[in-house]
file run_15.txt (compact mmCIF, C-alpha atoms)
# COMPACT_ATOMS: atom_id res chain seq x y z
CA MET S 1 17.00 40.80 3.67
CA GLY S 2 15.20 42.36 0.72
CA GLU S 3 17.08 41.78 -2.48
CA GLU S 4 20.44 41.18 -0.86
CA THR S 5 22.32 38.01 -1.57
CA THR S 6 25.41 36.76 0.22
CA LEU S 7 28.38 34.60 -0.73
CA ARG S 8 30.48 33.19 2.10
CA ILE S 9 33.82 31.60 1.26
CA PRO S 10 35.44 30.11 4.39
CA SER S 11 38.89 29.72 2.83
CA ALA S 12 39.14 32.20 0.00
CA THR S 13 42.18 32.34 -2.25
CA LEU S 14 43.00 34.35 -5.35
CA LYS S 15 41.43 31.53 -7.36
CA ASP S 16 38.07 32.66 -5.94
CA LEU S 17 38.23 36.11 -7.57
CA ALA S 18 36.43 34.89 -10.70
CA ARG S 19 33.82 33.13 -8.55
CA ILE S 20 33.18 36.34 -6.62
CA ARG S 21 32.75 38.31 -9.84
CA ARG S 22 30.35 35.67 -11.18
CA PHE S 23 28.37 35.83 -7.95
CA ILE S 24 27.96 39.59 -8.25
CA GLU S 25 27.00 39.32 -11.92
CA THR S 26 24.46 36.60 -11.17
CA SER S 27 23.02 38.46 -8.20
CA THR S 28 22.44 41.56 -10.27
CA ALA S 29 21.40 39.83 -13.49
CA ASP S 30 17.73 40.68 -13.09
CA TRP S 31 18.36 44.26 -12.04
CA PRO S 32 18.51 47.18 -14.47
CA VAL S 33 22.23 47.63 -13.96
CA GLN S 34 24.34 49.79 -16.24
CA THR S 35 27.16 47.75 -17.69
CA ASP S 36 29.94 50.22 -16.99
CA ALA S 37 28.83 50.68 -13.39
CA LEU S 38 28.82 46.95 -12.84
CA TYR S 39 32.34 46.69 -14.29
CA ASP S 40 33.48 49.46 -11.93
CA LEU S 41 32.15 47.47 -9.01
CA LEU S 42 33.62 44.17 -10.20
CA LEU S 43 37.02 45.78 -10.63
CA SER S 44 36.88 47.38 -7.20
CA VAL S 45 35.79 44.19 -5.47
CA THR S 46 38.58 42.30 -7.25
CA GLU S 47 41.18 44.81 -6.07
CA LEU S 48 39.95 44.85 -2.48
CA VAL S 49 39.60 41.08 -2.11
CA THR S 50 43.05 40.71 -3.68
CA ASN S 51 44.44 43.08 -1.05
CA THR S 52 42.71 41.14 1.71
CA ILE S 53 44.18 37.81 0.58
CA VAL S 54 47.65 39.06 -0.38
CA HIS S 55 48.20 41.48 2.49
CA GLY S 56 45.55 40.75 5.13
CA TYR S 57 45.98 36.99 5.02
CA ARG S 58 49.56 37.11 3.67
CA GLY S 59 48.64 34.82 0.80
CA LYS S 60 47.01 32.16 2.93
CA PRO S 61 43.34 31.17 2.61
CA GLY S 62 40.92 33.09 4.79
CA PRO S 63 37.24 33.86 5.09
CA VAL S 64 35.65 36.37 2.75
CA GLU S 65 32.00 37.35 2.66
CA VAL S 66 30.43 39.27 -0.21
CA GLN S 67 26.95 40.73 0.06
CA VAL S 68 25.27 42.40 -2.88
CA GLY S 69 22.33 44.74 -2.57
CA ARG S 70 20.87 47.93 -3.89
CA SER S 71 19.78 51.17 -2.36
CA GLY S 72 17.75 53.46 -4.55
CA THR S 73 19.71 53.59 -7.76
CA ALA S 74 22.96 52.62 -6.05
CA LEU S 75 24.60 49.22 -6.20
CA VAL S 76 25.99 48.31 -2.80
CA VAL S 77 28.51 45.59 -2.00
CA ARG S 78 29.49 44.72 1.54
CA LEU S 79 32.79 42.90 1.98
CA ARG S 80 33.76 41.23 5.22
CA ASP S 81 36.96 39.48 6.19
CA SER S 82 38.81 38.32 9.30
CA ALA S 83 42.10 40.03 8.49
CA PRO S 84 43.86 42.55 10.74
CA PRO S 85 42.16 45.95 10.71
CA TYR S 86 42.93 47.99 7.62
CA ASP S 87 41.07 50.93 6.15
CA PRO S 88 41.96 51.35 2.47
CA ASN S 89 40.80 54.96 2.70
CA THR S 90 43.98 55.66 4.64
CA ALA S 91 46.24 54.43 1.83
CA PRO S 92 48.31 57.20 0.23
CA ILE S 93 47.09 58.32 -3.16
CA PRO S 94 49.63 57.54 -5.87
CA ASP S 95 50.41 60.41 -8.20
CA VAL S 96 49.96 58.78 -11.58
CA THR S 97 51.08 61.95 -13.35
CA LEU S 98 54.62 61.48 -12.08
CA PRO S 99 57.19 59.58 -14.12
CA LEU S 100 56.73 55.96 -13.14
CA GLU S 101 60.08 55.61 -11.43
CA LEU S 102 59.27 58.55 -9.17
CA ARG S 103 55.93 57.25 -7.97
CA GLN S 104 55.42 55.97 -4.49
CA PRO S 105 55.13 52.20 -4.45
CA GLY S 106 51.88 50.29 -4.33
CA GLY S 107 48.37 51.52 -3.92
CA LEU S 108 47.28 51.32 -7.53
CA GLY S 109 44.44 48.91 -6.82
CA ILE S 110 43.02 51.14 -4.11
CA TYR S 111 43.56 54.16 -6.32
CA LEU S 112 41.41 52.51 -8.96
CA CYS S 113 38.74 51.74 -6.36
CA ARG S 114 38.62 55.37 -5.31
CA HIS S 115 38.22 56.36 -8.90
CA TYR S 116 35.55 53.86 -9.79
CA LEU S 117 33.47 53.93 -6.59
CA ASP S 118 31.44 56.71 -5.05
CA SER S 119 32.22 55.65 -1.52
CA MET S 120 34.06 52.95 0.40
CA GLN S 121 33.18 52.92 4.09
CA HIS S 122 35.29 50.91 6.48
CA ARG S 123 34.67 49.67 9.96
CA SER S 124 36.60 47.23 12.08
CA LEU S 125 34.56 44.23 13.15
CA PRO S 126 34.44 43.14 16.80
CA GLY S 127 37.27 40.77 17.56
CA GLN S 128 39.14 40.88 14.28
CA GLY S 129 38.14 41.68 10.77
CA ASN S 130 37.00 44.40 8.45
CA GLU S 131 33.82 45.44 6.79
CA LEU S 132 33.83 47.58 3.67
CA VAL S 133 30.65 48.98 2.19
CA LEU S 134 31.14 49.93 -1.45
CA ARG S 135 28.62 52.13 -3.22
CA LYS S 136 28.24 52.83 -6.89
CA GLU S 137 25.63 55.56 -7.24
CA GLY S 138 23.38 55.70 -10.27
CA ALA S 139 24.25 52.16 -11.26
CA LEU S 140 20.60 51.20 -11.57
CA THR S 141 18.11 52.83 -13.88
CA VAL S 142 15.18 52.10 -11.53
CA GLU S 143 15.13 52.59 -7.79
CA GLY S 144 15.27 49.35 -5.81
CA ASN S 145 15.02 48.16 -2.23
CA HIS S 146 17.21 49.49 0.51
CA VAL S 147 19.98 47.39 1.97
CA SER S 148 19.66 46.51 5.61
CA ASP S 149 21.84 48.23 8.19
CA SER S 150 22.70 45.01 10.00
CA MET W 1 42.08 32.58 -19.02
CA PHE W 2 44.14 30.98 -21.74
CA LEU W 3 46.99 32.13 -23.91
CA THR W 4 47.78 31.53 -27.56
CA VAL W 5 51.00 32.30 -29.38
CA GLU W 6 51.47 32.97 -33.06
CA GLN W 7 54.56 33.99 -35.00
CA ARG W 8 53.91 36.66 -37.62
CA GLN W 9 56.10 38.43 -40.11
CA GLY W 10 55.66 42.15 -40.57
CA ALA W 11 58.56 44.48 -41.24
CA ALA W 12 60.26 42.22 -38.70
CA PRO W 13 59.38 38.96 -36.96
CA VAL W 14 56.72 39.56 -34.34
CA THR W 15 55.34 37.20 -31.72
CA VAL W 16 51.63 37.70 -31.13
CA LEU W 17 50.54 36.66 -27.65
CA ALA W 18 46.77 36.60 -27.30
CA ILE W 19 45.12 36.60 -23.90
CA ASN W 20 41.60 35.24 -23.68
CA GLY W 21 39.51 35.79 -20.58
CA ALA W 22 39.84 37.75 -17.36
CA LEU W 23 43.25 38.87 -16.15
CA ASP W 24 43.60 39.30 -12.40
CA ALA W 25 45.81 38.40 -9.45
CA SER W 26 44.98 34.72 -9.78
CA ASN W 27 46.53 34.29 -13.21
CA PHE W 28 48.73 37.25 -14.18
CA GLU W 29 51.86 35.24 -13.44
CA GLU W 30 50.88 32.84 -16.24
CA VAL W 31 51.27 35.71 -18.69
CA ILE W 32 54.67 36.61 -17.28
CA ASN W 33 55.81 32.99 -17.38
CA LYS W 34 54.70 32.63 -20.99
CA ALA W 35 56.59 35.78 -21.93
CA ARG W 36 59.67 34.42 -20.19
CA GLU W 37 59.43 31.28 -22.33
CA LEU W 38 59.07 33.36 -25.47
CA VAL W 39 62.08 35.52 -24.68
CA GLN W 40 64.14 32.44 -23.97
CA ALA W 41 63.03 31.09 -27.36
CA GLY W 42 64.24 34.23 -29.07
CA THR W 43 61.26 36.58 -29.20
CA GLN W 44 62.38 40.19 -29.57
CA ARG W 45 59.12 41.90 -30.50
CA LEU W 46 55.83 41.19 -28.81
CA LEU W 47 52.34 42.17 -29.83
CA LEU W 48 49.91 41.55 -27.01
CA ASP W 49 46.48 40.83 -28.42
CA LEU W 50 43.94 42.00 -25.84
CA SER W 51 40.90 41.62 -28.10
CA ASP W 52 39.42 38.90 -25.89
CA VAL W 53 40.41 40.23 -22.49
CA SER W 54 37.06 40.72 -20.79
CA PHE W 55 38.45 42.12 -17.55
CA MET W 56 41.77 43.40 -16.26
CA SER W 57 42.67 44.42 -12.74
CA SER W 58 45.81 46.21 -11.56
CA SER W 59 47.54 42.83 -11.58
CA GLY W 60 47.26 42.97 -15.35
CA ILE W 61 49.19 46.23 -15.29
CA VAL W 62 51.96 44.48 -13.40
CA ALA W 63 51.94 41.69 -15.98
CA LEU W 64 52.10 44.08 -18.92
CA HIS W 65 55.00 45.96 -17.49
CA SER W 66 56.80 42.75 -16.60
CA LEU W 67 56.61 41.80 -20.27
CA VAL W 68 58.47 44.99 -21.15
CA LEU W 69 61.13 44.24 -18.55
CA LEU W 70 61.60 40.74 -19.92
CA MET W 71 61.74 41.88 -23.52
CA ARG W 72 64.45 44.41 -22.85
CA GLY W 73 66.48 41.92 -20.88
CA ASP W 74 65.72 43.06 -17.36
CA PRO W 75 64.44 40.70 -14.68
CA PRO W 76 60.67 40.84 -14.25
CA HIS W 77 59.14 42.17 -11.08
CA ASP W 78 59.90 40.27 -7.94
CA LEU W 79 56.38 39.14 -7.22
CA SER W 80 57.32 38.00 -3.74
CA ALA W 81 57.89 41.65 -2.95
CA GLY W 82 54.16 42.17 -3.19
CA TRP W 83 52.57 44.91 -5.16
CA ASP W 84 55.23 47.53 -4.63
CA VAL W 85 56.33 47.45 -8.21
CA PHE W 86 54.95 50.50 -9.88
CA HIS W 87 57.84 52.74 -8.92
CA GLN W 88 60.26 50.37 -10.66
CA ILE W 89 58.60 50.65 -13.99
CA GLY W 90 61.35 51.76 -16.31
CA HIS W 91 63.48 54.70 -17.08
CA ASP W 92 62.36 55.03 -20.66
CA VAL W 93 58.81 55.97 -19.74
CA ARG W 94 59.63 59.64 -19.50
CA SER W 95 60.77 59.62 -23.10
CA GLY W 96 57.56 58.03 -24.27
CA ARG W 97 56.60 54.62 -25.51
CA GLN W 98 58.90 51.67 -25.42
CA PRO W 99 59.46 49.62 -28.61
CA TYR W 100 59.32 46.09 -27.20
CA VAL W 101 55.67 45.42 -26.39
CA LYS W 102 52.66 46.85 -28.19
CA LEU W 103 48.96 46.31 -27.63
CA LEU W 104 46.23 45.21 -30.00
CA ASN W 105 42.56 45.96 -29.46
CA PRO W 106 42.18 46.54 -25.73
CA SER W 107 38.52 47.01 -24.84
CA PRO W 108 37.48 50.51 -23.78
CA ARG W 109 37.34 49.33 -20.17
CA VAL W 110 40.77 47.73 -20.25
CA PHE W 111 42.19 50.83 -21.90
CA ASP W 112 40.49 52.97 -19.27
CA THR W 113 42.31 51.04 -16.54
CA LEU W 114 45.58 51.59 -18.39
CA GLN W 115 44.82 55.30 -18.60
CA LYS W 116 43.88 55.57 -14.94
CA ALA W 117 47.19 53.93 -14.08
CA GLY W 118 49.05 56.38 -16.29
CA MET W 119 50.28 53.49 -18.44
CA ASP W 120 48.60 54.33 -21.73
CA ALA W 121 51.53 56.47 -22.83
CA PHE W 122 53.86 53.55 -22.24
CA PHE W 123 52.26 51.25 -24.81
CA GLU W 124 51.63 51.91 -28.46
CA THR W 125 48.12 50.65 -29.12
CA PHE W 126 46.53 49.48 -32.36
CA THR W 127 43.10 48.46 -33.52
CA ASP W 128 44.11 46.32 -36.49
CA LEU W 129 46.68 43.58 -36.84
CA PRO W 130 48.38 44.57 -40.11
CA THR W 131 49.09 48.09 -38.89
CA ALA W 132 50.35 46.74 -35.60
CA LEU W 133 52.69 44.26 -37.29
CA ALA W 134 53.98 46.89 -39.68
CA SER W 135 54.84 49.20 -36.80
CA PHE W 136 57.63 46.95 -35.54
CA SER W 137 61.01 47.57 -37.07
call {"tool": "encode", "arguments": {"input": "run_15.txt", "output": "structure tokens"}}
result
Amino acid sequence: MGEETTLRIPSATLKDLARIRRFIETSTADWPVQTDALYDLLLSVTELVTNTIVHGYRGKPGPVEVQVGRSGTALVVRLRDSAPPYDPNTAPIPDVTLPLELRQPGGLGIYLCRHYLDSMQHRSLPGQGNELVLRKEGALTVEGNHVSDS
Amino acid sequence: MFLTVEQRQGAAPVTVLAINGALDASNFEEVINKARELVQAGTQRLLLDLSDVSFMSSSGIVALHSLVLLMRGDPPHDLSAGWDVFHQIGHDVRSGRQPYVKLLNPSPRVFDTLQKAGMDAFFETFTDLPTALASFS
């Protein structure tokens, strides 16, 4: 497992967003993490878990798993849920240069994730569910252990 | 997160609504509900003090824009419609900032989120209270 830590919430709601952020902050507290990079990751995780609960679970409680690790100088967060398959990389990119009333609806949270993360890999889990692997490169000032591939 | 309200007198009466803590999907409706109360009580000018907002997700953007809608007498976003609200955000944006809601002291990270969302031009932003109060007419 190396330096990975995992939080499993069987019935996550939006009220757990702060708990998830605290978990990530605690898990990385002893690592040489750059503050801005950590904020980028916290914001992205917040947006993605919000999407899972609001859209994937349609506002009802559902399982969410958050795993924090590091790979070289990258911070890596693995999110798992049991929601219907959805790859946020397929979401249309909102054009934030357009007048607001002309913009396509939705997608701002995912847009922010794309901006703040270096990569966001999706795979559908067997049965039902999603796994997202979020990477923030250069977040650590010293190289650390690799995350497992399991 | 908790909210505090203070009435101040600049060039005109201004309600200062201070948000303390993290603003995300779990609590952004509290901000909208508080603004609804303030409007019903007669607030016409709102200064949103973001000095102690440690974190703001895209839900905070929805909340901030809903405050503008409420202040100008429009219904706030229909939250049951989900997150498809950003295309509704107001016809006066093209002509620049709106006069109803202004921001005080957003952190660099909160302001960065506003910028990424293209919302920074929508809100006049200040770093000190007297100047912010004096800007309302």
call {"tool": "closest_residue", "arguments": {"input": "run_15.txt", "among": "W:Leu48, W:Val31, W:Leu38, W:Val110", "to": "Leu43 (chain S)", "atoms": "all atoms listed in the file"}}
result
W:Val110
call {"tool": "closest_residue", "arguments": {"input": "run_15.txt", "among": "S:Thr141, S:Thr6, S:Ser11, S:Thr35", "to": "chain W", "atoms": "only C-alpha atoms"}}
result
S:Thr35
call {"tool": "closest_residue", "arguments": {"input": "run_15.txt", "among": "S:Gln34, S:Asn89, S:Ser82, S:Thr5", "to": "Val68 (chain S)", "atoms": "all atoms listed in the file"}}
result
S:Thr5
call {"tool": "closest_residue", "arguments": {"input": "run_15.txt", "among": "W:Phe2, W:Phe122, W:Tyr100, W:Phe111", "to": "chain S", "atoms": "all atoms listed in the file"}}
result
W:Phe122
call {"tool": "residues_around", "arguments": {"input": "run_15.txt", "residues": "Ala83 (chain S)", "least_positions_apart": "3", "cutoff": "7 Å", "atoms": "all atoms listed in the file", "output": "ChimeraX atom specification"}}
result
/S:52,56-57,128-130
call {"tool": "closest_residue", "arguments": {"input": "run_15.txt", "among": "S:Lys15, S:Arg70, S:His122, S:Lys136", "to": "chain W", "atoms": "all atoms listed in the file"}}
result
S:Lys15
call {"tool": "atom_distance", "arguments": {"input": "run_15.txt", "atom1": "CA of Phe123 (chain W)", "atom2": "CA of Gln98 (chain W)"}}
result
6.7 Å
call {"tool": "atom_distance", "arguments": {"input": "run_15.txt", "atom1": "CA of Leu140 (chain S)", "atom2": "CA of Ala37 (chain S)"}}
result
8.4 Å
call {"tool": "residues_around", "arguments": {"input": "run_15.txt", "residues": "Thr43 (chain W)", "least_positions_apart": "2", "cutoff": "9 Å", "atoms": "all atoms listed in the file", "output": "list in words"}}
result
Pro13, Val14, Thr15, Ala35, Glu37, Leu38, Val39, Gln40, Ala41, Arg45, Leu46 and Met71 of chain W
call {"tool": "residues_around", "arguments": {"input": "run_15.txt", "residues": "region 112-117 of chain S", "least_positions_apart": "3", "cutoff": "10 Å", "atoms": "all atoms listed in the file", "output": "ChimeraX atom specification"}}
result
/S:36-37,39-48,88-89,93,107-109,120,134-137 /W:57-58,113,116-117
call {"tool": "closest_residue", "arguments": {"input": "run_15.txt", "among": "W:Ser51, W:Gln44, W:Ala18, W:Leu133", "to": "Glu6 (chain W)", "atoms": "only C-alpha atoms"}}
result
W:Ala18
call {"tool": "residues_near_point", "arguments": {"input": "run_15.txt", "point": "(43.3, 38.6, -11.9)", "cutoff": "9 Å", "atoms": "all atoms listed in the file", "output": "MDAnalysis selection string"}}
result
(chainID S and resid 14:15 17:18 46:47 50) or (chainID W and resid 22:28 55:60)
call {"tool": "residues_around", "arguments": {"input": "run_15.txt", "residues": "Arg58 (chain S)", "least_positions_apart": "2", "cutoff": "12 Å", "atoms": "only C-alpha atoms", "output": "mmCIF file with C-alpha atoms, in the frame of the given file"}}
result
data_model
loop_
_atom_site.group_PDB
_atom_site.id
_atom_site.type_symbol
_atom_site.label_atom_id
_atom_site.label_comp_id
_atom_site.auth_asym_id
_atom_site.auth_seq_id
_atom_site.Cartn_x
_atom_site.Cartn_y
_atom_site.Cartn_z
ATOM 1 C CA THR S 13 42.180 32.340 -2.250
ATOM 2 C CA LEU S 14 43.000 34.350 -5.350
ATOM 3 C CA THR S 50 43.050 40.710 -3.680
ATOM 4 C CA ASN S 51 44.440 43.080 -1.050
ATOM 5 C CA THR S 52 42.710 41.140 1.710
ATOM 6 C CA ILE S 53 44.180 37.810 0.580
ATOM 7 C CA VAL S 54 47.650 39.060 -0.380
ATOM 8 C CA HIS S 55 48.200 41.480 2.490
ATOM 9 C CA GLY S 56 45.550 40.750 5.130
ATOM 10 C CA LYS S 60 47.010 32.160 2.930
ATOM 11 C CA PRO S 61 43.340 31.170 2.610
ATOM 12 C CA GLY S 62 40.920 33.090 4.790
ATOM 13 C CA ALA S 83 42.100 40.030 8.490
ATOM 14 C CA PRO S 84 43.860 42.550 10.740
ATOM 15 C CA SER W 80 57.320 38.000 -3.740
ATOM 16 C CA ALA W 81 57.890 41.650 -2.950
ATOM 17 C CA GLY W 82 54.160 42.170 -3.190
#
call {"tool": "atom_distance", "arguments": {"input": "run_15.txt", "atom1": "CA of Pro32 (chain S)", "atom2": "CA of Gln121 (chain S)"}}
result
24.3 Å
call {"tool": "axis_aligned_box", "arguments": {"input": "run_15.txt", "around": "region 55-58 of chain S", "padding_each_side": "3 Å", "output": "lines of an AutoDock Vina configuration file"}}
result
center_x = 47.6
center_y = 39.2
center_z = 3.8
size_x = 10.0
size_y = 10.5
size_z = 8.6
